[in-house]
Amino acid sequence: MSTLEQSRYLATAIPGPRSAALIDRKGAAVARGIGNTMPVYAARAAGGIVEDVDGNRFIDLGSGIAVTTIGNASPRVVAAVSAQAAEFTHTCFMVTPYEQYVAVCEHLNRLTPVAGEKRSALFNSGSEAVENAVKIARAYTRKQAVVSFDHAYHGRTNLTMALTAKSMPYKHGFGPFASEIYRAPMSYPFRDAEFGKELATDGELAARRALSIIDKQVGADNLAAVIIEPIQGEGGFIVPAEGFLPTLLQWCRDNGVVFIADEVQTGFARTGAMFACEHEGIDPDLIVTAKGIADGLPLSAVTGRAEIMDSPHVGGLGGTYGGNPLACAAALATIDTIESDGLVERAREIETLMKDRLGRLQADDDRIGDVRGRGAMIAVELVKSGTVEPDADLTKALLAGAHAAGVIVLSCGTYGNVLRFLPPLAISDELLEEGLDVLASVLADLR
Ligand SMILES: Cc1ncc(COP(=O)(O)O)c(C=O)c1O
């Protein structure tokens, strides 16, 4: 384990002088479109702490957007990647294959809640894996249309921009987008409540609303795949009402449509199960993974039923770097760490701690409209006092206050009013509680 001290500490105002100088250099060298959440530059990270170049130590409640789930620079990963780098860094799996790639696929096939015989293929980013899942579904069904949902986020490449719902900042000015993509209404219990209690609590009803649109506006005969995040990430950590996902899946099964679960953000212990689909007992046809799979090394995957995965012709899938050996070594060490250290269980403990603390905060503060999520993927939705009207300004102010006080926390949501927590599972209870105390005090000061 790195020697990085596990405590919050502010050595300078935020940003300190070294970060400020780097912010200036960035402005002159890096394209403006690449934004930053934090006004500081990282120097080291481990456990629940990120240290910046000025020696400030931040409590990490973001994990680099759900990536360093097992803890940054986790010891087994560091050892495995260093050892692999000394052997070889790249051959291209399509040219001279290597065992590590096969081993990662074997683990994915063992761990994912897909039924029957399975196959996997490895890629680099979440977006790239989503693109490949769609390619595979189209090859298998020989159909073209794909349905995604309101509030969905599936990436920033051309096809995945089309699947993603929110225009600003992800799509604005970047069209035209890929064709044959259609959108259906999501189950969003907190906001569906405006349209009646039943819709908010009855997932089957919410699914029937979506399916009626899919049926009438696309038609199963044209539809290759339905893609959905079992808990939506960027869209606002939206947990659909119980029954929503199984009803959609059953309809797909009955109609020859491939059901793709995008578990890029929810996968690998994040939600208190190895995969979020397990919470609803569903077995998707294809599962897309990335982020938490390799503790920060770029790796993603599509895993699914063998007959679907094997439908593209030989040579139809691939890419220069997909399943790079360093990333595979990191993934093998990550999976080992999750299983040997009981991190699925740890994510559930974090859920209990956070929901208890945030629930108490909500009881005394009518600007917290909703506390939701599973495992170490928890959010609060901020609203104008006592209403359901989103409060994006309060969210921005709360984020800025938390950052200045030494806590890394992110926002999300279609309306920009959701504070999301994605702590590494290696964080201590003490640091987590301190991070939440800081947020509570910043929120109180914003009255
Ligand atoms: C659910 C989901 N799908 C896809 C992506 C895209 O992944 P990447 O940024 O690695 O391309 C993300 C990234 O946030 C995501 O949360």
# chains A, B, ... in the order shown; residues from 1 in each chain; ligands from 1
call {"tool": "residues_near_ligand", "arguments": {"ligand": "ligand 1", "cutoff": "10 Å", "atoms": "only C-alpha atoms and all ligand atoms", "output": "PyMOL selection string"}}
result
chain A and resi 65-67+123-131+152-157+160-161+163-164+228-235+261-267+288-291+298-300
call {"tool": "select_by_dssp", "arguments": {"residues": "region 78-316 of chain A", "states": "helix (DSSP H, G or I)", "output": "MDAnalysis selection string"}}
result
chainID A and resid 78:87 99:111 126:141 158:163 189:195 197:201 203:217 220:222 244:254 276:280 291:293 306:309
call {"tool": "closest_residue", "arguments": {"among": "A:Gly401, A:Gly27, A:Gly359, A:Gly243", "to": "Arg372 (chain A)", "atoms": "only C-alpha atoms"}}
result
A:Gly359
call {"tool": "residues_around", "arguments": {"residues": "region 97-109 of chain A", "least_positions_apart": "5", "cutoff": "7 Å", "atoms": "only C-alpha atoms", "output": "mmCIF file with N, CA and C atoms, in the first residue's frame"}}
result
data_model
loop_
_atom_site.group_PDB
_atom_site.id
_atom_site.type_symbol
_atom_site.label_atom_id
_atom_site.label_comp_id
_atom_site.auth_asym_id
_atom_site.auth_seq_id
_atom_site.Cartn_x
_atom_site.Cartn_y
_atom_site.Cartn_z
ATOM 1 N N CYS A 92 -0.525 -6.828 -29.833
ATOM 2 C CA CYS A 92 -1.817 -6.797 -30.504
ATOM 3 C C CYS A 92 -2.404 -8.211 -30.482
ATOM 4 N N LYS A 118 -21.124 -18.653 -22.672
ATOM 5 C CA LYS A 118 -20.836 -17.228 -22.902
ATOM 6 C C LYS A 118 -19.522 -17.038 -23.641
ATOM 7 N N ARG A 119 -19.401 -15.868 -24.248
ATOM 8 C CA ARG A 119 -18.142 -15.426 -24.843
ATOM 9 C C ARG A 119 -17.964 -13.954 -24.485
ATOM 10 N N SER A 120 -16.701 -13.499 -24.524
ATOM 11 C CA SER A 120 -16.411 -12.080 -24.285
ATOM 12 C C SER A 120 -15.473 -11.553 -25.351
ATOM 13 N N ALA A 121 -15.461 -10.252 -25.525
ATOM 14 C CA ALA A 121 -14.482 -9.580 -26.385
ATOM 15 C C ALA A 121 -14.048 -8.314 -25.668
ATOM 16 N N THR A 303 -19.726 -8.992 -22.959
ATOM 17 C CA THR A 303 -19.878 -10.408 -22.609
ATOM 18 C C THR A 303 -21.312 -10.787 -22.923
ATOM 19 N N GLY A 323 -7.917 -5.007 -25.146
ATOM 20 C CA GLY A 323 -7.380 -6.075 -24.313
ATOM 21 C C GLY A 323 -5.867 -6.006 -24.206
ATOM 22 N N PRO A 325 -2.199 -5.947 -22.860
ATOM 23 C CA PRO A 325 -1.729 -6.828 -21.771
ATOM 24 C C PRO A 325 -1.603 -6.148 -20.410
ATOM 25 N N CYS A 328 -5.094 -5.945 -19.111
ATOM 26 C CA CYS A 328 -5.559 -7.282 -18.699
ATOM 27 C C CYS A 328 -4.935 -7.682 -17.370
ATOM 28 N N ALA A 329 -3.640 -7.397 -17.199
ATOM 29 C CA ALA A 329 -2.985 -7.720 -15.916
ATOM 30 C C ALA A 329 -3.691 -6.965 -14.796
ATOM 31 N N ALA A 331 -6.812 -5.950 -14.778
ATOM 32 C CA ALA A 331 -8.150 -6.513 -14.577
ATOM 33 C C ALA A 331 -8.086 -7.795 -13.759
ATOM 34 N N LEU A 332 -7.105 -8.642 -14.052
ATOM 35 C CA LEU A 332 -6.990 -9.903 -13.296
ATOM 36 C C LEU A 332 -6.724 -9.606 -11.818
#
call {"tool": "closest_residue", "arguments": {"among": "A:Val53, A:Val114, A:Ala80, A:Leu122", "to": "Ala20 (chain A)", "atoms": "only C-alpha atoms"}}
result
A:Val53
call {"tool": "residues_around", "arguments": {"residues": "region 43-49 of chain A", "least_positions_apart": "2", "cutoff": "9 Å", "atoms": "only C-alpha atoms", "output": "count of residues only"}}
result
33
call {"tool": "residues_around", "arguments": {"residues": "region 345-350 of chain A", "least_positions_apart": "3", "cutoff": "8 Å", "atoms": "only C-alpha atoms", "output": "short mmCIF file (atom, residue, chain, number, x, y, z; two decimals) with C-alpha atoms, in the first residue's frame"}}
result
data_model
loop_
_atom_site.label_atom_id
_atom_site.label_comp_id
_atom_site.auth_asym_id
_atom_site.auth_seq_id
_atom_site.Cartn_x
_atom_site.Cartn_y
_atom_site.Cartn_z
CA ALA A 269 -18.99 -4.52 -7.07
CA ARG A 270 -19.96 -0.85 -7.30
CA THR A 271 -23.63 -1.35 -6.43
CA GLY A 272 -23.24 -4.01 -3.74
CA ALA A 273 -23.45 -6.87 -6.24
CA GLY A 342 -14.96 -9.15 0.09
CA LEU A 353 -23.57 4.14 6.20
CA MET A 354 -24.31 6.69 3.48
CA ARG A 374 -27.29 1.11 -4.34
CA GLY A 375 -23.99 0.08 -2.77
CA ALA A 376 -21.30 2.72 -3.20
CA LEU A 425 -14.41 0.70 -1.65
CA ASP A 429 -15.65 4.67 7.42
#
call {"tool": "closest_residue", "arguments": {"among": "A:Leu446, A:Ala200, A:Ala294, A:Ala402", "to": "Asp336 (chain A)", "atoms": "only C-alpha atoms"}}
result
A:Ala294
call {"tool": "select_by_dssp", "arguments": {"residues": "region 68-207 of chain A", "states": "strand (DSSP E or B)", "output": "list in words"}}
result
Asn72, Lys118, Arg119, Ser120, Ala121, Leu122, Phe123, Ala145, Val146, Val147, Ser148, Phe149, Ile181, Tyr182, Arg183 and Ala184 of chain A
call {"tool": "write_last_selection", "arguments": {"atoms": "N, CA, C and O atoms", "output": "mmCIF file, in the first residue's frame"}}
result
data_model
loop_
_atom_site.group_PDB
_atom_site.id
_atom_site.type_symbol
_atom_site.label_atom_id
_atom_site.label_comp_id
_atom_site.auth_asym_id
_atom_site.auth_seq_id
_atom_site.Cartn_x
_atom_site.Cartn_y
_atom_site.Cartn_z
ATOM 1 N N ASN A 72 -7.336 3.542 -5.502
ATOM 2 C CA ASN A 72 -6.379 4.003 -6.500
ATOM 3 C C ASN A 72 -5.024 3.328 -6.297
ATOM 4 O O ASN A 72 -4.592 3.129 -5.167
ATOM 5 N N LYS A 118 -21.124 -18.653 -22.672
ATOM 6 C CA LYS A 118 -20.836 -17.228 -22.902
ATOM 7 C C LYS A 118 -19.522 -17.038 -23.641
ATOM 8 O O LYS A 118 -18.653 -17.908 -23.614
ATOM 9 N N ARG A 119 -19.401 -15.868 -24.248
ATOM 10 C CA ARG A 119 -18.142 -15.426 -24.843
ATOM 11 C C ARG A 119 -17.964 -13.954 -24.485
ATOM 12 O O ARG A 119 -18.947 -13.241 -24.261
ATOM 13 N N SER A 120 -16.701 -13.499 -24.524
ATOM 14 C CA SER A 120 -16.411 -12.080 -24.285
ATOM 15 C C SER A 120 -15.473 -11.553 -25.351
ATOM 16 O O SER A 120 -14.752 -12.333 -25.997
ATOM 17 N N ALA A 121 -15.461 -10.252 -25.525
ATOM 18 C CA ALA A 121 -14.482 -9.580 -26.385
ATOM 19 C C ALA A 121 -14.048 -8.314 -25.668
ATOM 20 O O ALA A 121 -14.861 -7.677 -24.985
ATOM 21 N N LEU A 122 -12.771 -7.945 -25.799
ATOM 22 C CA LEU A 122 -12.223 -6.814 -25.042
ATOM 23 C C LEU A 122 -11.948 -5.605 -25.940
ATOM 24 O O LEU A 122 -11.513 -5.764 -27.088
ATOM 25 N N PHE A 123 -12.178 -4.434 -25.359
ATOM 26 C CA PHE A 123 -11.963 -3.170 -26.070
ATOM 27 C C PHE A 123 -11.294 -2.193 -25.105
ATOM 28 O O PHE A 123 -10.777 -2.615 -24.068
ATOM 29 N N ALA A 145 -32.563 -1.226 -35.911
ATOM 30 C CA ALA A 145 -32.943 -0.195 -34.932
ATOM 31 C C ALA A 145 -32.444 -0.544 -33.529
ATOM 32 O O ALA A 145 -32.311 -1.715 -33.162
ATOM 33 N N VAL A 146 -32.154 0.513 -32.767
ATOM 34 C CA VAL A 146 -31.731 0.344 -31.369
ATOM 35 C C VAL A 146 -32.521 1.340 -30.529
ATOM 36 O O VAL A 146 -32.672 2.505 -30.918
ATOM 37 N N VAL A 147 -33.022 0.875 -29.383
ATOM 38 C CA VAL A 147 -33.749 1.761 -28.467
ATOM 39 C C VAL A 147 -32.896 2.017 -27.237
ATOM 40 O O VAL A 147 -32.354 1.077 -26.638
ATOM 41 N N SER A 148 -32.767 3.305 -26.877
ATOM 42 C CA SER A 148 -32.198 3.661 -25.572
ATOM 43 C C SER A 148 -33.237 4.524 -24.852
ATOM 44 O O SER A 148 -34.335 4.740 -25.375
ATOM 45 N N PHE A 149 -32.893 5.021 -23.671
ATOM 46 C CA PHE A 149 -33.919 5.609 -22.804
ATOM 47 C C PHE A 149 -33.662 7.076 -22.477
ATOM 48 O O PHE A 149 -32.553 7.573 -22.617
ATOM 49 N N ILE A 181 -31.695 5.139 -34.236
ATOM 50 C CA ILE A 181 -31.689 5.122 -32.771
ATOM 51 C C ILE A 181 -32.993 5.775 -32.309
ATOM 52 O O ILE A 181 -33.345 6.861 -32.786
ATOM 53 N N TYR A 182 -33.689 5.130 -31.398
ATOM 54 C CA TYR A 182 -34.983 5.630 -30.904
ATOM 55 C C TYR A 182 -34.936 5.695 -29.382
ATOM 56 O O TYR A 182 -34.161 4.973 -28.759
ATOM 57 N N ARG A 183 -35.774 6.573 -28.819
ATOM 58 C CA ARG A 183 -35.720 6.782 -27.368
ATOM 59 C C ARG A 183 -37.059 6.457 -26.719
ATOM 60 O O ARG A 183 -38.105 6.815 -27.257
ATOM 61 N N ALA A 184 -36.992 5.793 -25.587
ATOM 62 C CA ALA A 184 -38.209 5.423 -24.857
ATOM 63 C C ALA A 184 -38.163 6.030 -23.455
ATOM 64 O O ALA A 184 -37.080 6.333 -22.941
#
call {"tool": "residues_around", "arguments": {"residues": "Thr414 (chain A)", "least_positions_apart": "2", "cutoff": "7 Å", "atoms": "only C-alpha atoms", "output": "NGL selection string"}}
result
:A and (151 or 166 or 235-236 or 416)
